[in-house]
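*Asks:* Here you go, coords14.cif (mmCIF, C-alpha atoms):
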```
data_target
#
loop_
_atom_site.label_atom_id
_atom_site.label_comp_id
_atom_site.auth_asym_id
_atom_site.auth_seq_id
_atom_site.Cartn_x
_atom_site.Cartn_y
_atom_site.Cartn_z
CA MET N 1 -123.84 -56.20 111.78
CA ALA N 2 -125.29 -58.10 114.66
CA GLY N 3 -128.05 -56.18 116.32
CA GLU N 4 -128.26 -53.61 113.56
CA ASN N 5 -131.37 -54.78 111.82
CA TRP N 6 -132.74 -52.97 108.83
CA ALA N 7 -136.31 -52.38 107.83
CA LEU N 8 -138.17 -51.77 104.61
CA PHE N 9 -141.19 -49.49 104.75
CA GLU N 10 -144.18 -49.17 102.40
CA GLN N 11 -143.14 -46.14 100.33
CA ASP N 12 -139.63 -47.44 99.61
CA PHE N 13 -140.95 -50.91 98.85
CA TRP N 14 -143.25 -49.55 96.13
CA ALA N 15 -140.51 -47.32 94.74
CA LEU N 16 -138.28 -50.39 94.38
CA ASN N 17 -141.13 -52.36 92.80
CA ASP N 18 -141.85 -49.57 90.30
CA ALA N 19 -138.22 -49.51 89.19
CA LEU N 20 -138.23 -53.30 88.75
CA TYR N 21 -141.51 -53.25 86.77
CA THR N 22 -140.10 -50.60 84.43
CA LEU N 23 -136.99 -52.72 83.95
CA ILE N 24 -138.78 -55.95 83.04
CA ALA N 25 -141.18 -54.12 80.69
CA SER N 26 -138.41 -52.29 78.85
CA SER N 27 -136.07 -55.29 78.64
CA TYR N 28 -138.77 -57.91 77.84
CA SER N 29 -137.55 -59.97 80.78
CA LYS N 30 -139.57 -62.54 82.74
CA SER N 31 -138.99 -61.24 86.23
CA ALA N 32 -136.67 -59.27 88.45
CA MET N 33 -135.67 -59.70 92.08
CA LEU N 34 -133.86 -57.65 94.66
CA ILE N 35 -131.85 -59.59 97.20
CA ASP N 36 -129.78 -58.29 100.07
CA ARG N 37 -126.13 -59.27 99.98
CA ASP N 38 -126.77 -61.91 102.64
CA GLY N 39 -129.25 -63.71 100.40
CA ARG N 40 -132.59 -62.47 101.71
CA LEU N 41 -135.27 -61.69 99.16
CA ILE N 42 -136.41 -58.05 99.30
CA ALA N 43 -138.68 -57.77 96.25
CA ASN N 44 -139.79 -59.96 93.37
CA VAL N 45 -141.83 -58.72 90.38
CA GLY N 46 -142.98 -60.22 87.08
CA GLU N 47 -143.87 -63.80 86.27
CA THR N 48 -144.15 -65.97 89.36
CA PRO N 49 -141.18 -68.36 89.32
CA SER N 50 -141.85 -72.08 89.58
CA PHE N 51 -138.84 -72.60 91.85
CA ASP N 52 -138.13 -71.90 95.52
CA THR N 53 -137.32 -68.17 95.52
CA GLU N 54 -135.66 -68.26 98.96
CA SER N 55 -133.12 -70.85 97.83
CA PHE N 56 -132.64 -68.99 94.56
CA ALA N 57 -131.94 -65.75 96.44
CA THR N 58 -129.40 -67.46 98.69
CA LEU N 59 -127.58 -69.09 95.79
CA SER N 60 -127.54 -65.83 93.80
CA ALA N 61 -125.97 -63.96 96.72
CA ALA N 62 -123.41 -66.74 97.19
CA ASP N 63 -122.66 -66.73 93.46
CA LEU N 64 -121.94 -63.00 93.42
CA ALA N 65 -119.99 -63.15 96.70
CA ALA N 66 -117.76 -65.89 95.28
CA SER N 67 -117.21 -63.81 92.11
CA LYS N 68 -116.23 -60.84 94.21
CA GLU N 69 -113.59 -62.95 95.94
CA LEU N 70 -112.29 -64.08 92.55
CA ALA N 71 -112.15 -60.45 91.42
CA SER N 72 -110.16 -59.45 94.45
CA MET N 73 -107.63 -62.24 93.74
CA LEU N 74 -107.19 -60.71 90.28
CA GLY N 75 -106.67 -57.28 91.81
CA GLU N 76 -110.11 -56.00 90.81
CA ARG N 77 -112.38 -54.31 93.37
CA ASP N 78 -115.22 -56.55 92.22
CA PHE N 79 -117.00 -57.88 89.16
CA HIS N 80 -120.07 -55.74 89.57
CA SER N 81 -122.22 -57.82 87.25
CA GLN N 82 -122.34 -61.30 85.75
CA ALA N 83 -124.64 -63.39 83.59
CA HIS N 84 -125.41 -67.06 83.09
CA GLN N 85 -127.13 -68.26 79.95
CA GLY N 86 -128.61 -71.62 79.05
CA LYS N 87 -130.50 -72.77 75.96
CA GLU N 88 -133.87 -71.37 77.01
CA SER N 89 -133.25 -68.95 79.82
CA GLY N 90 -130.68 -66.79 81.49
CA VAL N 91 -129.97 -64.78 84.58
CA TYR N 92 -128.25 -61.41 84.91
CA GLN N 93 -126.96 -60.28 88.32
CA SER N 94 -125.65 -56.90 89.34
CA SER N 95 -124.32 -55.77 92.70
CA ILE N 96 -125.59 -52.38 93.87
CA ASP N 97 -123.37 -50.44 96.28
CA ASP N 98 -122.22 -53.76 97.79
CA ARG N 99 -125.54 -53.84 99.69
CA ILE N 100 -128.11 -55.41 97.42
CA ILE N 101 -128.21 -57.50 94.28
CA LEU N 102 -130.42 -57.03 91.25
CA VAL N 103 -131.31 -60.32 89.55
CA VAL N 104 -133.08 -60.36 86.19
CA LEU N 105 -134.49 -63.58 84.74
CA PHE N 106 -134.99 -63.65 81.01
CA ASP N 107 -135.68 -66.06 78.16
CA ARG N 108 -135.49 -66.13 74.36
CA ARG N 109 -137.92 -63.22 74.03
CA THR N 110 -134.99 -60.87 74.64
CA THR N 111 -131.20 -60.72 74.53
CA LEU N 112 -128.54 -60.48 77.20
CA GLY N 113 -127.36 -57.21 75.63
CA LEU N 114 -130.73 -55.54 76.04
CA VAL N 115 -131.17 -56.87 79.57
CA ARG N 116 -127.72 -55.61 80.55
CA LEU N 117 -128.36 -52.18 78.99
CA LYS N 118 -131.68 -51.67 80.76
CA ALA N 119 -130.44 -53.17 84.04
CA GLU N 120 -127.48 -50.80 84.15
CA LYS N 121 -129.88 -47.88 83.80
CA THR N 122 -132.05 -49.23 86.63
CA VAL N 123 -129.11 -49.74 88.98
CA GLY N 124 -128.74 -45.96 89.48
CA GLU N 125 -132.40 -45.61 90.45
CA LEU N 126 -132.25 -48.58 92.84
CA SER N 127 -129.05 -47.22 94.38
CA ARG N 128 -130.77 -43.88 95.05
CA ILE N 129 -133.76 -45.58 96.74
CA MET N 130 -131.53 -47.82 98.87
CA SER N 131 -129.39 -44.86 99.96
CA ASN N 132 -132.60 -43.18 101.04
CA ILE N 133 -133.63 -46.27 103.05
CA PHE N 134 -130.28 -46.57 104.83
CA GLY N 135 -130.25 -42.81 105.40
CA LYS N 136 -133.59 -43.08 107.18
CA LEU N 137 -132.42 -46.04 109.24
CA SER N 138 -129.47 -44.08 110.57
CA SER N 139 -131.82 -41.27 111.62
CA SER N 140 -134.64 -41.44 114.16
CA GLU N 141 -137.22 -41.85 111.37
CA GLY N 142 -136.14 -45.42 110.69
CA LYS N 143 -135.78 -46.71 114.23
CA LEU N 144 -137.58 -49.97 114.71
CA GLU N 145 -138.90 -49.29 118.17
CA GLY N 146 -142.60 -48.69 118.14
CA ALA N 147 -142.87 -49.57 114.47
CA GLY N 148 -144.75 -52.81 115.04
CA VAL N 149 -142.16 -55.24 116.45
CA GLY N 150 -141.88 -54.99 120.19
CA ALA N 151 -143.62 -55.40 123.52
CA ASP N 152 -145.10 -58.91 123.65
CA PHE N 153 -143.55 -59.94 120.32
CA ALA N 154 -140.83 -62.05 121.95
CA ALA N 155 -143.30 -63.88 124.19
CA GLN N 156 -145.51 -64.79 121.25
CA ALA N 157 -142.48 -65.78 119.18
CA ASP N 158 -141.24 -68.06 121.98
CA GLN N 159 -144.59 -69.81 122.01
CA GLN N 160 -144.52 -70.35 118.23
CA ILE N 161 -140.93 -71.59 118.38
CA ASP N 162 -141.84 -74.07 121.14
CA GLU N 163 -144.81 -75.31 119.11
CA LEU N 164 -142.74 -75.89 115.97
CA LEU N 165 -139.52 -77.15 117.53
CA GLY N 166 -140.78 -78.56 120.79
CA ASP N 167 -140.24 -82.27 120.19
CA SER N 168 -136.84 -82.62 121.78
CA VAL N 169 -135.18 -86.03 122.05
CA ASP N 170 -133.52 -86.57 125.42
CA ILE N 171 -129.98 -87.86 125.73
CA MET T 172 -128.67 -58.12 110.62
CA SER T 173 -132.27 -59.18 110.31
CA LEU T 174 -134.39 -57.81 107.49
CA ILE T 175 -137.79 -56.56 108.59
CA SER T 176 -140.09 -55.88 105.66
CA TYR T 177 -143.18 -53.96 106.74
CA PRO T 178 -144.94 -54.04 103.33
CA SER T 179 -144.74 -57.82 103.06
CA ARG T 180 -144.88 -58.23 106.87
CA GLU T 181 -141.86 -60.51 106.94
CA ILE T 182 -138.87 -60.86 109.23
CA ASN T 183 -135.89 -62.87 107.97
CA CYS T 184 -133.09 -63.87 110.33
CA LYS T 185 -129.87 -65.77 109.69
CA VAL T 186 -128.36 -68.57 111.82
CA VAL T 187 -124.95 -70.02 110.92
CA TYR T 188 -123.83 -73.43 112.17
CA TYR T 189 -120.05 -73.23 112.65
CA GLY T 190 -117.52 -75.78 113.86
CA PRO T 191 -114.78 -78.21 112.85
CA GLY T 192 -115.07 -80.51 109.86
CA LEU T 193 -117.16 -83.67 110.30
CA GLY T 194 -118.50 -82.29 113.59
CA GLY T 195 -122.18 -82.70 112.66
CA LYS T 196 -123.30 -79.32 111.28
CA THR T 197 -124.91 -80.77 108.16
CA THR T 198 -126.40 -83.60 110.23
CA ASN T 199 -128.14 -80.95 112.36
CA LEU T 200 -129.73 -79.40 109.28
CA ARG T 201 -130.73 -82.78 107.88
CA HIS T 202 -132.49 -83.65 111.12
CA ILE T 203 -134.29 -80.30 111.20
CA TYR T 204 -135.32 -80.83 107.57
CA SER T 205 -136.76 -84.25 108.35
CA THR T 206 -138.54 -83.08 111.52
CA VAL T 207 -140.12 -79.76 110.55
CA PRO T 208 -143.37 -80.20 108.56
CA PRO T 209 -142.85 -79.54 104.82
CA VAL T 210 -145.24 -76.57 104.86
CA ARG T 211 -142.99 -74.89 107.41
CA ARG T 212 -139.65 -75.36 105.69
CA GLY T 213 -138.11 -74.92 102.25
CA LYS T 214 -135.73 -77.06 100.29
CA LEU T 215 -132.44 -78.17 101.83
CA VAL T 216 -129.79 -76.86 99.47
CA SER T 217 -126.33 -78.41 99.79
CA LEU T 218 -123.29 -77.30 97.84
CA THR T 219 -121.04 -80.28 98.41
CA THR T 220 -118.00 -81.99 96.95
CA ASP T 221 -118.43 -85.33 95.17
CA LYS T 222 -117.55 -86.96 98.51
CA ASP T 223 -120.58 -85.30 100.15
CA ARG T 224 -118.45 -82.88 102.18
CA THR T 225 -119.74 -79.31 102.40
CA LEU T 226 -117.95 -77.17 99.82
CA PHE T 227 -119.65 -73.81 100.24
CA PHE T 228 -122.69 -74.16 102.51
CA ASP T 229 -125.93 -75.99 103.29
CA PHE T 230 -129.04 -73.86 103.45
CA LEU T 231 -132.45 -74.54 104.96
CA PRO T 232 -135.18 -71.91 105.42
CA ILE T 233 -137.75 -72.55 108.15
CA ASN T 234 -140.91 -70.63 108.82
CA ILE T 235 -141.62 -70.16 112.52
CA GLY T 236 -145.12 -68.87 111.85
CA GLU T 237 -146.98 -65.60 112.05
CA ILE T 238 -146.36 -63.36 115.04
CA ARG T 239 -148.30 -60.14 115.41
CA GLY T 240 -148.94 -60.21 111.66
CA PHE T 241 -145.30 -60.82 110.72
CA LYS T 242 -144.15 -64.03 109.03
CA VAL T 243 -140.94 -64.93 110.84
CA ARG T 244 -138.38 -66.96 108.91
CA PHE T 245 -135.02 -68.31 109.94
CA HIS T 246 -132.41 -69.04 107.29
CA LEU T 247 -130.14 -71.80 108.57
CA TYR T 248 -126.67 -72.14 107.04
CA THR T 249 -123.70 -74.40 107.69
CA VAL T 250 -120.13 -73.52 106.83
CA PRO T 251 -117.59 -75.97 105.40
CA GLY T 252 -115.52 -77.08 108.39
CA GLN T 253 -112.34 -78.10 106.61
CA ILE T 254 -109.45 -75.74 107.35
CA TYR T 255 -108.75 -74.77 103.73
CA TYR T 256 -112.25 -73.40 103.09
CA ARG T 257 -111.55 -70.32 105.23
CA SER T 258 -112.72 -67.78 102.62
CA ASN T 259 -115.99 -69.69 102.06
CA ARG T 260 -116.69 -69.61 105.80
CA ARG T 261 -116.14 -65.87 105.92
CA LEU T 262 -118.62 -65.33 103.08
CA VAL T 263 -121.30 -67.52 104.69
CA LEU T 264 -120.85 -65.79 108.03
CA ARG T 265 -121.43 -62.35 106.52
CA GLY T 266 -124.52 -60.60 107.88
CA THR T 267 -125.39 -63.38 110.31
CA ASP T 268 -127.71 -62.75 113.24
CA SER T 269 -126.43 -65.66 115.31
CA VAL T 270 -124.07 -68.63 115.49
CA VAL T 271 -124.46 -72.21 116.67
CA PHE T 272 -121.01 -73.62 117.36
CA VAL T 273 -121.14 -77.40 116.86
CA ALA T 274 -118.20 -78.82 118.79
CA ASP T 275 -117.02 -82.40 118.37
CA SER T 276 -116.86 -84.05 121.81
CA GLN T 277 -114.17 -86.56 120.83
CA ARG T 278 -110.92 -85.92 122.67
CA GLU T 279 -108.92 -86.31 119.46
CA ARG T 280 -110.91 -83.40 117.96
CA PHE T 281 -110.30 -81.03 120.85
CA GLU T 282 -107.61 -79.02 119.03
CA ALA T 283 -109.84 -78.86 115.93
CA ASN T 284 -112.60 -77.33 118.10
CA LEU T 285 -110.23 -74.68 119.44
CA GLU T 286 -108.91 -73.91 115.98
CA SER T 287 -112.43 -73.56 114.58
CA LEU T 288 -113.51 -71.32 117.44
CA ARG T 289 -110.51 -69.05 116.89
CA ASP T 290 -111.34 -69.02 113.17
CA LEU T 291 -114.94 -68.03 114.00
CA PHE T 292 -113.86 -64.95 115.95
CA VAL T 293 -111.35 -63.95 113.27
CA ASN T 294 -114.04 -64.20 110.60
CA LEU T 295 -116.58 -62.29 112.70
CA THR T 296 -114.06 -59.47 113.05
CA LYS T 297 -113.32 -59.53 109.31
CA ASN T 298 -117.07 -59.21 108.68
CA GLU T 299 -117.28 -56.32 111.17
CA ILE T 300 -119.66 -58.29 113.39
CA ASP T 301 -119.40 -57.49 117.08
CA ALA T 302 -119.09 -60.91 118.72
CA ARG T 303 -120.13 -59.49 122.10
CA GLY T 304 -123.64 -58.69 120.92
CA LEU T 305 -124.08 -61.78 118.76
CA PRO T 306 -126.40 -64.57 119.95
CA LEU T 307 -124.17 -67.63 120.33
CA VAL T 308 -125.12 -71.16 121.38
CA PHE T 309 -122.80 -74.16 121.81
CA GLN T 310 -123.70 -77.70 120.93
CA TYR T 311 -121.47 -80.53 122.16
CA ASN T 312 -122.12 -83.23 119.62
CA LYS T 313 -121.23 -86.93 119.57
CA ARG T 314 -121.85 -87.41 123.28
CA ASP T 315 -122.17 -91.15 122.65
CA VAL T 316 -118.62 -91.81 121.46
CA PRO T 317 -116.26 -93.59 123.92
CA SER T 318 -113.63 -90.83 123.72
CA ALA T 319 -116.10 -88.02 124.48
CA MET T 320 -114.59 -85.43 126.83
CA CYS T 321 -116.53 -84.58 129.94
CA LEU T 322 -118.95 -81.70 129.63
CA GLU T 323 -117.29 -79.48 132.24
CA GLU T 324 -113.93 -79.78 130.49
CA LEU T 325 -115.47 -78.71 127.17
CA GLU T 326 -117.37 -75.85 128.74
CA GLU T 327 -114.28 -74.54 130.46
CA ALA T 328 -112.18 -74.63 127.31
CA LEU T 329 -114.69 -73.50 124.71
CA ASN T 330 -117.40 -71.61 126.54
CA PRO T 331 -115.88 -69.60 129.40
CA SER T 332 -118.66 -66.99 129.19
CA ARG T 333 -121.23 -69.75 129.69
CA VAL T 334 -123.61 -68.89 126.87
CA PRO T 335 -126.35 -71.52 126.40
CA SER T 336 -125.00 -74.96 125.56
CA PHE T 337 -126.53 -78.33 124.73
CA GLU T 338 -125.36 -81.91 124.56
CA ALA T 339 -126.24 -83.67 121.34
CA ILE T 340 -126.10 -86.86 119.35
CA ALA T 341 -127.12 -85.23 116.10
CA ASN T 342 -127.28 -88.38 114.00
CA ARG T 343 -130.05 -89.60 116.31
CA GLY T 344 -131.64 -86.16 116.46
CA GLN T 345 -130.83 -85.75 120.14
CA GLY T 346 -130.25 -82.16 121.22
CA VAL T 347 -130.74 -80.78 117.71
CA LEU T 348 -134.08 -79.05 118.21
CA ASP T 349 -133.16 -77.84 121.72
CA THR T 350 -130.17 -76.06 120.21
CA LEU T 351 -132.19 -74.51 117.41
CA ARG T 352 -134.98 -73.42 119.75
CA SER T 353 -132.48 -71.69 121.99
CA VAL T 354 -130.73 -69.75 119.24
CA CYS T 355 -134.03 -68.73 117.59
CA LYS T 356 -135.27 -67.26 120.88
CA LEU T 357 -132.03 -65.34 121.38
CA VAL T 358 -132.29 -63.85 117.88
CA ILE T 359 -135.90 -62.79 118.46
CA ARG T 360 -134.71 -60.78 121.47
CA THR T 361 -132.34 -58.78 119.28
CA LEU T 362 -135.27 -57.50 117.19
CA HIS T 363 -136.38 -55.11 119.91
#
```
Let me see whether you can do it: turn the structure in this file into C-alpha cells.
*Replies:*
Amino acid sequence: MAGENWALFEQDFWALNDALYTLIASSYSKSAMLIDRDGRLIANVGETPSFDTESFATLSAADLAASKELASMLGERDFHSQAHQGKESGVYQSSIDDRIILVVLFDRRTTLGLVRLKAEKTVGELSRIMSNIFGKLSSSEGKLEGAGVGADFAAQADQQIDELLGDSVDI
Amino acid sequence: MSLISYPSREINCKVVYYGPGLGGKTTNLRHIYSTVPPVRRGKLVSLTTDKDRTLFFDFLPINIGEIRGFKVRFHLYTVPGQIYYRSNRRLVLRGTDSVVFVADSQRERFEANLESLRDLFVNLTKNEIDARGLPLVFQYNKRDVPSAMCLEELEEALNPSRVPSFEAIANRGQGVLDTLRSVCKLVIRTLH
C-alpha cells in the first residue's frame, strides 16, 4: 500500500539466502530467486544469470499475476505454482502467501519433478521467514525511522535526481 | 510500497504511467530510455500486440544513483490504455508507489481522459491503495495539436486538487523528464 514501505534486514536476508542455497543444492538447479509480488528482486543465489535480472523479476511477477487471474476465472483461488520448460532450460515459479514468488531456474542436469518436490519443501521455510519479517514490520522493531533512511536523504536524492534527469526540453 | 533492502543497500520504488490509450505513456518511457545513459538504466521491456499497442505493460528500470550508501532504483511501468484491458491495468497498478497520469490534450479525447481517471481510482481502491497518500503527477501531453484544450480547462476537470502538473509534447521529449523528476522526488519523500 502506498506509504507502507517494507524493509529487509541482515538476519532475515541471510535466512532467505540459506533456504535458497539448500534448495538449489538439493534439486541440482542453476539458481533461485525471490521476488516480491510487484516484481522487485529480493534475493538471487546460484549461478549468475546472463540476462537482466530486474526485467526477469518483473516478467515473472506479471506471469504469475496473470495466471492467478486465469485461475480466478476458473473458480480457483489461484494456481500456486507453474513451470515453463524449453529444450535446454526451464523455470519453476511458486507463489508464497500471495506476498513473494520463488523462482527456480534449472537445466538438463535435473528434472522438473525433482525441482518441484524440493521447491515445495522450501516454500514452508520461506513462508515462515517472510511471516517473521512482516511481523517485525508491524511492530516497532521494524519501523524504518532511524534505520538509515532519513534526515538529509531526500535532499541528497533530489540532487541526484536533478543530475540524472535535469536536461529538460522547454515547450 | 517501496522495498528497502538493508543487506544489499537497495531501495526499489515503482512508478506507473496511467492514462487513455494512445495518450503517450509508452512514448514517455521511450524518451527516458533514449535519454538516460545506458549504465543508469536497464532494458526497455514491452509486452505489445502485433500492432505495437501495449498489451500488458512496458517496463524500464532506472538507477538514480547512490544516496547515503543506498542504490536507489525506480521501476517505471505503463499500463495498456485501451478500455478492455481493465484487468491488466489493475495488475500493473498493484503495489505502486506513485502514478503519472498522462492526459491527452486533444478536445476529442477529453471524455477518454475522464474515463481513464475514474478507472485509475477504481483500480487503486481494488488494490487497497489509499489514493490520498499516493504521489500523483499529471502530464498534459500533445500540447502542440491544434485541438489542444487550454491548460486551465484541463486542470479544472482533471486535477482539482492541483497536484503537480506538466505540459508535454512527449514525442519531442518536451516535458517528459520534468514529469519524471517531479514524481521521483515525491516518492523519495514517502520513504521517511
*Asks:* Which residues match the PyMOL selection byres ((chain N and resi 93) around 12) in the file above, as an mmCIF file with C-alpha atoms, in the coordinates of the input?
*Replies:*
```
data_model
loop_
_atom_site.group_PDB
_atom_site.id
_atom_site.type_symbol
_atom_site.label_atom_id
_atom_site.label_comp_id
_atom_site.auth_asym_id
_atom_site.auth_seq_id
_atom_site.Cartn_x
_atom_site.Cartn_y
_atom_site.Cartn_z
ATOM 1 C CA ALA N 32 -136.670 -59.270 88.450
ATOM 2 C CA MET N 33 -135.670 -59.700 92.080
ATOM 3 C CA LEU N 34 -133.860 -57.650 94.660
ATOM 4 C CA ILE N 35 -131.850 -59.590 97.200
ATOM 5 C CA ARG N 37 -126.130 -59.270 99.980
ATOM 6 C CA ALA N 57 -131.940 -65.750 96.440
ATOM 7 C CA LEU N 59 -127.580 -69.090 95.790
ATOM 8 C CA SER N 60 -127.540 -65.830 93.800
ATOM 9 C CA ALA N 61 -125.970 -63.960 96.720
ATOM 10 C CA ALA N 62 -123.410 -66.740 97.190
ATOM 11 C CA ASP N 63 -122.660 -66.730 93.460
ATOM 12 C CA LEU N 64 -121.940 -63.000 93.420
ATOM 13 C CA ALA N 65 -119.990 -63.150 96.700
ATOM 14 C CA SER N 67 -117.210 -63.810 92.110
ATOM 15 C CA PHE N 79 -117.000 -57.880 89.160
ATOM 16 C CA HIS N 80 -120.070 -55.740 89.570
ATOM 17 C CA SER N 81 -122.220 -57.820 87.250
ATOM 18 C CA GLN N 82 -122.340 -61.300 85.750
ATOM 19 C CA ALA N 83 -124.640 -63.390 83.590
ATOM 20 C CA HIS N 84 -125.410 -67.060 83.090
ATOM 21 C CA GLN N 85 -127.130 -68.260 79.950
ATOM 22 C CA GLY N 90 -130.680 -66.790 81.490
ATOM 23 C CA VAL N 91 -129.970 -64.780 84.580
ATOM 24 C CA TYR N 92 -128.250 -61.410 84.910
ATOM 25 C CA SER N 94 -125.650 -56.900 89.340
ATOM 26 C CA SER N 95 -124.320 -55.770 92.700
ATOM 27 C CA ILE N 96 -125.590 -52.380 93.870
ATOM 28 C CA ILE N 100 -128.110 -55.410 97.420
ATOM 29 C CA ILE N 101 -128.210 -57.500 94.280
ATOM 30 C CA LEU N 102 -130.420 -57.030 91.250
ATOM 31 C CA VAL N 103 -131.310 -60.320 89.550
ATOM 32 C CA VAL N 104 -133.080 -60.360 86.190
ATOM 33 C CA LEU N 105 -134.490 -63.580 84.740
ATOM 34 C CA PHE N 106 -134.990 -63.650 81.010
ATOM 35 C CA LEU N 112 -128.540 -60.480 77.200
ATOM 36 C CA VAL N 115 -131.170 -56.870 79.570
ATOM 37 C CA ARG N 116 -127.720 -55.610 80.550
ATOM 38 C CA ALA N 119 -130.440 -53.170 84.040
ATOM 39 C CA GLU N 120 -127.480 -50.800 84.150
ATOM 40 C CA VAL N 123 -129.110 -49.740 88.980
#
```
*Asks:* Near Val316 in chain T, within 9 Å and counting all atoms listed in the file, which residues show up once chain neighbours fewer than 3 positions away are dropped, as a VMD selection string?
*Replies:* chain T and resid 276 to 277 313 319
*Asks:* Create the file for the chosen residues now, containing C-alpha atoms and written as a PDB file, keeping the file's coordinate frame.
*Replies:*
```
ATOM      1  CA  SER T 276    -116.860 -84.050 121.810  1.00  0.00           C
ATOM      2  CA  GLN T 277    -114.170 -86.560 120.830  1.00  0.00           C
ATOM      3  CA  LYS T 313    -121.230 -86.930 119.570  1.00  0.00           C
ATOM      4  CA  ALA T 319    -116.100 -88.020 124.480  1.00  0.00           C
TER       5      ALA T 319
END
```
*Asks:* Which of these, T:Pro178, T:Pro209, T:Pro306, T:Pro335, has the shortest distance to chain N once you count all atoms listed in the file?
*Replies:*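 Of the candidates, the smallest distance to chain N is held by T:Pro178.
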*Asks:* Work out how far CA of Pro331 in chain T is from CA of Arg261 in chain T, in Å to one decimal.
*Replies:*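 We find that CA of Arg261 in chain T and CA of Pro331 in chain T lie 23.8 Å from each other.
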*Asks:* Any chance you could work out the residue set of the PyMOL selection byres ((chain T) within 8 of (chain N)) here, as a VMD selection string?
*Replies:* chain T and resid 172 to 178 183 207 213 to 214 216 230 232 235 to 236 238 to 239 259 262 to 263 265 to 269 299 to 302 304 to 305 338 to 340 344 to 349 351 to 352 355 to 356 359 to 363
*Asks:* For Val308 in chain T, which residue out of T:Asn330, T:Ser217, T:Asn234, T:Thr249 is the nearest one, using only C-alpha atoms?
*Replies:* T:Asn330
*Asks:* Just to confirm, what's the straight-line distance from CA of Met130 in chain N to CA of Asn17 in chain N in Å (one decimal)?
*Replies:*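 Atom-to-atom, CA of Met130 in chain N to CA of Asn17 in chain N, that is 12.2 Å.
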*Asks:* Do you have the CA of Ser139 in chain N-CA of Asp98 in chain N distance handy?
*Replies:*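 CA of Asp98 in chain N lies at a distance of 21.0 Å from CA of Ser139 in chain N.
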*Asks:* Quick one: which residues end up in the PyMOL selection byres ((chain N and resi 23) around 9) for this structure, as a list in words?
*Replies:*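 In the shown coordinates, the PyMOL selection byres ((chain N and resi 23) around 9) covers Asp18, Ala19, Leu20, Tyr21, Thr22, Ile24, Ala25, Ser26, Ser27, Tyr28, Ser29, Ala32, Val104, Val115, Lys118, Ala119, Lys121 and Thr122 of chain N.
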*Asks:* If you keep C-alpha atoms, can you produce a file of those selected residues as a PDB file, in the coordinates of the input?
*Replies:*
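Result written to again.pdb:
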```pdb
ATOM      1  CA  ASP N  18    -141.850 -49.570  90.300  1.00  0.00           C
ATOM      2  CA  ALA N  19    -138.220 -49.510  89.190  1.00  0.00           C
ATOM      3  CA  LEU N  20    -138.230 -53.300  88.750  1.00  0.00           C
ATOM      4  CA  TYR N  21    -141.510 -53.250  86.770  1.00  0.00           C
ATOM      5  CA  THR N  22    -140.100 -50.600  84.430  1.00  0.00           C
ATOM      6  CA  ILE N  24    -138.780 -55.950  83.040  1.00  0.00           C
ATOM      7  CA  ALA N  25    -141.180 -54.120  80.690  1.00  0.00           C
ATOM      8  CA  SER N  26    -138.410 -52.290  78.850  1.00  0.00           C
ATOM      9  CA  SER N  27    -136.070 -55.290  78.640  1.00  0.00           C
ATOM     10  CA  TYR N  28    -138.770 -57.910  77.840  1.00  0.00           C
ATOM     11  CA  SER N  29    -137.550 -59.970  80.780  1.00  0.00           C
ATOM     12  CA  ALA N  32    -136.670 -59.270  88.450  1.00  0.00           C
ATOM     13  CA  VAL N 104    -133.080 -60.360  86.190  1.00  0.00           C
ATOM     14  CA  VAL N 115    -131.170 -56.870  79.570  1.00  0.00           C
ATOM     15  CA  LYS N 118    -131.680 -51.670  80.760  1.00  0.00           C
ATOM     16  CA  ALA N 119    -130.440 -53.170  84.040  1.00  0.00           C
ATOM     17  CA  LYS N 121    -129.880 -47.880  83.800  1.00  0.00           C
ATOM     18  CA  THR N 122    -132.050 -49.230  86.630  1.00  0.00           C
TER      19      THR N 122
END
```
*Asks:* Pick out the residues sitting within 12 Å of Arg278 in chain T, and hand them over as a PyMOL selection string; count all atoms listed in the file, and ignore anything fewer than 2 positions along from it in its own chain.
*Replies:* chain T and resi 274-276+280-285+311-314+316-322+324-325
*Asks:* Now that the selection is made, can you save its residues with C-alpha atoms as a short mmCIF file (atom, residue, chain, number, x, y, z; two decimals), keeping the file's coordinate frame?
*Replies:*
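out02.cif was written with the following content:
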```
data_model
loop_
_atom_site.label_atom_id
_atom_site.label_comp_id
_atom_site.auth_asym_id
_atom_site.auth_seq_id
_atom_site.Cartn_x
_atom_site.Cartn_y
_atom_site.Cartn_z
CA ALA T 274 -118.20 -78.82 118.79
CA ASP T 275 -117.02 -82.40 118.37
CA SER T 276 -116.86 -84.05 121.81
CA ARG T 280 -110.91 -83.40 117.96
CA PHE T 281 -110.30 -81.03 120.85
CA GLU T 282 -107.61 -79.02 119.03
CA ALA T 283 -109.84 -78.86 115.93
CA ASN T 284 -112.60 -77.33 118.10
CA LEU T 285 -110.23 -74.68 119.44
CA TYR T 311 -121.47 -80.53 122.16
CA ASN T 312 -122.12 -83.23 119.62
CA LYS T 313 -121.23 -86.93 119.57
CA ARG T 314 -121.85 -87.41 123.28
CA VAL T 316 -118.62 -91.81 121.46
CA PRO T 317 -116.26 -93.59 123.92
CA SER T 318 -113.63 -90.83 123.72
CA ALA T 319 -116.10 -88.02 124.48
CA MET T 320 -114.59 -85.43 126.83
CA CYS T 321 -116.53 -84.58 129.94
CA LEU T 322 -118.95 -81.70 129.63
CA GLU T 324 -113.93 -79.78 130.49
CA LEU T 325 -115.47 -78.71 127.17
#
```
*Asks:* Write out as a PyMOL selection string the residues lying within 8 Å of Tyr256 in chain T, counting only C-alpha atoms and excluding same-chain residues fewer than 5 positions away.
*Replies:* chain T and resi 226-227+251
*Asks:* Rank T:Leu215, T:Leu329, T:Leu291, T:Val358 by their smallest atom-to-atom distance to Lys185 in chain T, using only C-alpha atoms, and report the top residue only.
*Replies:* T:Val358
*Asks:* Using all atoms listed in the file, collect all residues at a distance of at most 6 Å from (-123.9, -76.4, 121.4) as written in the file, then present them as a count of residues only.
*Replies:* 8
*Asks:* Can you pull out every residue within 8 Å of Gly192 in chain T, counting all atoms listed in the file, but drop anything in the same chain fewer than 5 positions away, and send it as a list in words?
*Replies:*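 Listing them by chain and then by number gives Pro251, Gly252, Gln253 and Ile254 of chain T.
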*Asks:* Just checking: using only C-alpha atoms, which residue out of T:Arg303, T:Arg244, T:Arg212, T:Arg224 ends up closest to Gly195 in chain T?
*Replies:*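 The closest residue to Gly195 in chain T is T:Arg224.
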